[in-house]
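**Q** As input, take input06.cif (mmCIF, C-alpha atoms, pLDDT in the B column; chains and numbers go by the auth columns):
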data_model
#
loop_
_atom_site.group_PDB
_atom_site.id
_atom_site.type_symbol
_atom_site.label_atom_id
_atom_site.label_comp_id
_atom_site.label_asym_id
_atom_site.label_seq_id
_atom_site.Cartn_x
_atom_site.Cartn_y
_atom_site.Cartn_z
_atom_site.B_iso_or_equiv
_atom_site.auth_seq_id
_atom_site.auth_asym_id
ATOM 1 C CA MET A 1 -10.065 17.278 124.910 67.00 23 A
ATOM 2 C CA ALA A 2 -10.570 20.694 123.367 80.00 24 A
ATOM 3 C CA THR A 3 -12.534 23.497 124.981 87.00 25 A
ATOM 4 C CA ILE A 4 -14.979 25.670 123.047 88.00 26 A
ATOM 5 C CA LEU A 5 -13.536 29.180 123.284 91.00 27 A
ATOM 6 C CA LYS A 6 -16.051 31.145 121.236 91.00 28 A
ATOM 7 C CA THR A 7 -19.332 30.555 119.393 92.00 29 A
ATOM 8 C CA ASN A 8 -20.523 32.531 116.359 92.00 30 A
ATOM 9 C CA THR A 9 -23.959 32.300 114.750 95.00 31 A
ATOM 10 C CA PHE A 10 -24.665 33.453 111.189 95.00 32 A
ATOM 11 C CA LYS A 11 -28.153 33.633 109.687 97.00 33 A
ATOM 12 C CA GLY A 12 -28.250 33.846 105.916 95.00 34 A
ATOM 13 C CA THR A 13 -29.230 32.132 102.678 94.00 35 A
ATOM 14 C CA TRP A 14 -27.372 29.487 100.682 88.00 36 A
ATOM 15 C CA LEU A 15 -28.548 28.890 97.107 90.00 37 A
ATOM 16 C CA GLY A 16 -31.825 30.594 98.018 93.00 38 A
ATOM 17 C CA LYS A 17 -32.393 28.483 101.149 94.00 39 A
ATOM 18 C CA PRO A 18 -32.510 30.257 104.531 97.00 40 A
ATOM 19 C CA GLY A 19 -30.531 28.782 107.357 96.00 41 A
ATOM 20 C CA VAL A 20 -28.244 29.178 110.338 96.00 42 A
ATOM 21 C CA LEU A 21 -24.562 28.265 110.679 94.00 43 A
ATOM 22 C CA THR A 22 -23.200 28.000 114.207 95.00 44 A
ATOM 23 C CA THR A 23 -19.418 27.849 114.577 93.00 45 A
ATOM 24 C CA HIS A 24 -17.786 26.671 117.815 92.00 46 A
ATOM 25 C CA HIS A 25 -14.095 27.695 117.798 92.00 47 A
ATOM 26 C CA LEU A 26 -11.705 25.315 119.549 91.00 48 A
ATOM 27 C CA ASP A 27 -8.645 27.553 119.230 87.00 49 A
ATOM 28 C CA GLY A 28 -8.015 31.275 118.920 81.00 50 A
ATOM 29 C CA LYS A 29 -7.630 31.428 115.133 82.00 51 A
ATOM 30 C CA ARG A 30 -10.451 32.356 112.739 78.00 52 A
ATOM 31 C CA ASP A 31 -9.557 29.510 110.393 81.00 53 A
ATOM 32 C CA GLY A 32 -8.315 27.090 113.061 84.00 54 A
ATOM 33 C CA LEU A 33 -9.943 23.969 114.434 90.00 55 A
ATOM 34 C CA ARG A 34 -13.712 24.418 114.774 91.00 56 A
ATOM 35 C CA ILE A 35 -17.054 22.626 114.836 93.00 57 A
ATOM 36 C CA VAL A 36 -19.679 23.896 112.379 93.00 58 A
ATOM 37 C CA VAL A 37 -23.387 23.094 112.772 95.00 59 A
ATOM 38 C CA SER A 38 -25.360 23.807 109.583 94.00 60 A
ATOM 39 C CA GLU A 39 -29.126 24.112 109.766 95.00 61 A
ATOM 40 C CA ILE A 40 -30.246 24.934 106.206 95.00 62 A
ATOM 41 C CA GLU A 41 -33.905 24.643 105.256 95.00 63 A
ATOM 42 C CA GLY A 42 -34.555 21.502 103.225 94.00 64 A
ATOM 43 C CA GLU A 43 -31.102 20.042 103.978 93.00 65 A
ATOM 44 C CA PRO A 44 -30.115 17.518 106.655 94.00 66 A
ATOM 45 C CA LEU A 45 -28.774 18.939 109.922 95.00 67 A
ATOM 46 C CA THR A 46 -25.001 18.479 109.749 94.00 68 A
ATOM 47 C CA VAL A 47 -22.210 18.760 112.323 95.00 69 A
ATOM 48 C CA LYS A 48 -18.655 19.055 110.924 92.00 70 A
ATOM 49 C CA LEU A 49 -15.213 19.204 112.523 91.00 71 A
ATOM 50 C CA VAL A 50 -13.106 21.350 110.183 89.00 72 A
ATOM 51 C CA LYS A 51 -9.741 23.062 110.080 87.00 73 A
ATOM 52 C CA GLY A 52 -8.300 25.636 107.711 82.00 74 A
ATOM 53 C CA ASP A 53 -9.583 28.276 105.322 74.00 75 A
ATOM 54 C CA GLY A 54 -12.729 27.151 103.473 68.00 76 A
ATOM 55 C CA ARG A 55 -12.332 29.788 100.760 69.00 77 A
ATOM 56 C CA PHE A 56 -9.698 27.636 99.050 67.00 78 A
ATOM 57 C CA SER A 57 -10.097 24.170 97.538 65.00 79 A
ATOM 58 C CA ASP A 58 -6.525 23.015 98.145 63.00 80 A
ATOM 59 C CA ASP A 59 -4.921 21.580 101.288 64.00 81 A
ATOM 60 C CA ARG A 60 -5.578 24.732 103.307 64.00 82 A
ATOM 61 C CA PHE A 61 -9.026 23.332 104.245 70.00 83 A
ATOM 62 C CA GLN A 62 -9.680 19.953 105.836 81.00 84 A
ATOM 63 C CA LYS A 63 -13.012 18.403 106.796 81.00 85 A
ATOM 64 C CA LEU A 64 -11.902 16.064 109.566 87.00 86 A
ATOM 65 C CA LYS A 65 -15.322 14.617 110.524 89.00 87 A
ATOM 66 C CA SER A 66 -18.869 15.065 109.316 91.00 88 A
ATOM 67 C CA GLU A 67 -22.092 13.602 110.655 93.00 89 A
ATOM 68 C CA VAL A 68 -25.785 14.058 109.853 94.00 90 A
ATOM 69 C CA VAL A 69 -27.713 14.227 113.136 95.00 91 A
ATOM 70 C CA ALA A 70 -31.222 14.659 114.524 94.00 92 A
ATOM 71 C CA PRO A 71 -31.935 18.020 116.224 92.00 93 A
ATOM 72 C CA GLU A 72 -31.898 16.480 119.689 94.00 94 A
ATOM 73 C CA GLU A 73 -28.419 14.983 119.061 94.00 95 A
ATOM 74 C CA VAL A 74 -26.631 18.247 118.151 93.00 96 A
ATOM 75 C CA GLU A 75 -25.299 19.106 121.626 92.00 97 A
ATOM 76 C CA ALA A 76 -24.052 15.558 122.257 93.00 98 A
ATOM 77 C CA THR A 77 -22.338 15.417 118.844 93.00 99 A
ATOM 78 C CA VAL A 78 -20.667 18.805 119.365 92.00 100 A
ATOM 79 C CA ALA A 79 -19.387 17.624 122.755 91.00 101 A
ATOM 80 C CA GLU A 80 -18.156 14.347 121.211 92.00 102 A
ATOM 81 C CA PHE A 81 -16.310 16.178 118.401 89.00 103 A
ATOM 82 C CA ALA A 82 -14.745 18.609 120.921 89.00 104 A
ATOM 83 C CA ALA A 83 -13.591 15.702 123.067 90.00 105 A
ATOM 84 C CA SER A 84 -11.998 13.950 120.091 86.00 106 A
ATOM 85 C CA ALA A 85 -10.220 17.073 118.796 80.00 107 A
#
As structure tokens, please, write out the structure in this file.
**A**
Amino acid sequence: MATILKTNTFKGTWLGKPGVLTTHHLDGKRDGLRIVVSEIEGEPLTVKLVKGDGRFSDDRFQKLKSEVVAPEEVEATVAEFAASA
């Protein structure tokens, strides 16, 4: 079971859509194992377990799990992903 060490929140726009990305870091590295919750207007609420540097399209980035959830299920899904990491 992994412990959430740090949480970052970023408010911005993606393709003209406002939204919020919340990143829960499970290790001390910026591009290490983390859970990302994306809340983008007009898009489904998504929780992802990822690892690596997302700026590259090769093997340096891995999406390990992804799940579309209802707003009331976000905390439970984040806890489930942290437990499985």
**Q** Taking all atoms listed in the file into account, which of A:Ala101, A:Pro93, A:Leu27, A:Leu67 comes nearest Leu48 of chain A?
**A** A:Leu27
**Q** Given all atoms listed in the file as the basis, pick out the residue of A:Phe32, A:Ala107, A:Glu63, A:Gly54 nearest to Phe83 of chain A.
**A**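 Using all atoms listed in the file, the shortest distance to Phe83 of chain A belongs to A:Gly54.
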**Q** Please work out which residues fall within 9 Å of (-19.4, 16.2, 114.4), coordinates as given in the file, with all atoms listed in the file counting, and return them as a PDB file with C-alpha atoms, in the coordinates of the input.
**A**
ATOM      1  CA  ILE A  57     -17.054  22.626 114.836  1.00 93.00           C
ATOM      2  CA  VAL A  58     -19.679  23.896 112.379  1.00 93.00           C
ATOM      3  CA  VAL A  59     -23.387  23.094 112.772  1.00 95.00           C
ATOM      4  CA  THR A  68     -25.001  18.479 109.749  1.00 94.00           C
ATOM      5  CA  VAL A  69     -22.210  18.760 112.323  1.00 95.00           C
ATOM      6  CA  LYS A  70     -18.655  19.055 110.924  1.00 92.00           C
ATOM      7  CA  LEU A  71     -15.213  19.204 112.523  1.00 91.00           C
ATOM      8  CA  LEU A  86     -11.902  16.064 109.566  1.00 87.00           C
ATOM      9  CA  LYS A  87     -15.322  14.617 110.524  1.00 89.00           C
ATOM     10  CA  SER A  88     -18.869  15.065 109.316  1.00 91.00           C
ATOM     11  CA  GLU A  89     -22.092  13.602 110.655  1.00 93.00           C
ATOM     12  CA  VAL A  90     -25.785  14.058 109.853  1.00 94.00           C
ATOM     13  CA  VAL A  91     -27.713  14.227 113.136  1.00 95.00           C
ATOM     14  CA  VAL A  96     -26.631  18.247 118.151  1.00 93.00           C
ATOM     15  CA  THR A  99     -22.338  15.417 118.844  1.00 93.00           C
ATOM     16  CA  VAL A 100     -20.667  18.805 119.365  1.00 92.00           C
ATOM     17  CA  ALA A 101     -19.387  17.624 122.755  1.00 91.00           C
ATOM     18  CA  GLU A 102     -18.156  14.347 121.211  1.00 92.00           C
ATOM     19  CA  PHE A 103     -16.310  16.178 118.401  1.00 89.00           C
ATOM     20  CA  ALA A 104     -14.745  18.609 120.921  1.00 89.00           C
TER      21      ALA A 104
END
**Q** When you count all atoms listed in the file, which of these residues is closest to Arg56 of chain A: A:Leu43, A:Leu37, A:Ala105, A:Ile26?
**A** A:Ile26
**Q** Of the candidates A:Lys33, A:Lys73, A:Lys85, A:Lys39, which one gets nearest to Lys51 of chain A if we count only C-alpha atoms?
**A** A:Lys73
**Q** What is the distance between atom CA of Gly50 of chain A and atom CA of Ala24 of chain A, in Å to one decimal?
**A** 11.8 Å
**Q** Do you have the atom CA of Pro66 of chain A-atom CA of Val42 of chain A distance handy?
**A** 12.4 Å
**Q** Counting all atoms listed in the file, which of A:Val72, A:Pro40, A:Ser106, A:Lys28 gets nearest to Leu55 of chain A?
**A**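 Going through A:Val72, A:Pro40, A:Ser106, A:Lys28 one by one, the smallest distance to Leu55 of chain A is for A:Val72.
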**Q** To one decimal place, how far is atom CA of Thr35 of chain A from atom CA of Ile62 of chain A in Å?
**A**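 Straight-line distance from atom CA of Thr35 of chain A to atom CA of Ile62 of chain A works out to 8.1 Å.
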**Q** Using all atoms listed in the file, pick whichever of A:Gly74, A:Gln84, A:Glu95, A:Gly34 has the shortest atom-to-atom distance to His47 of chain A.
**A** A:Gly74
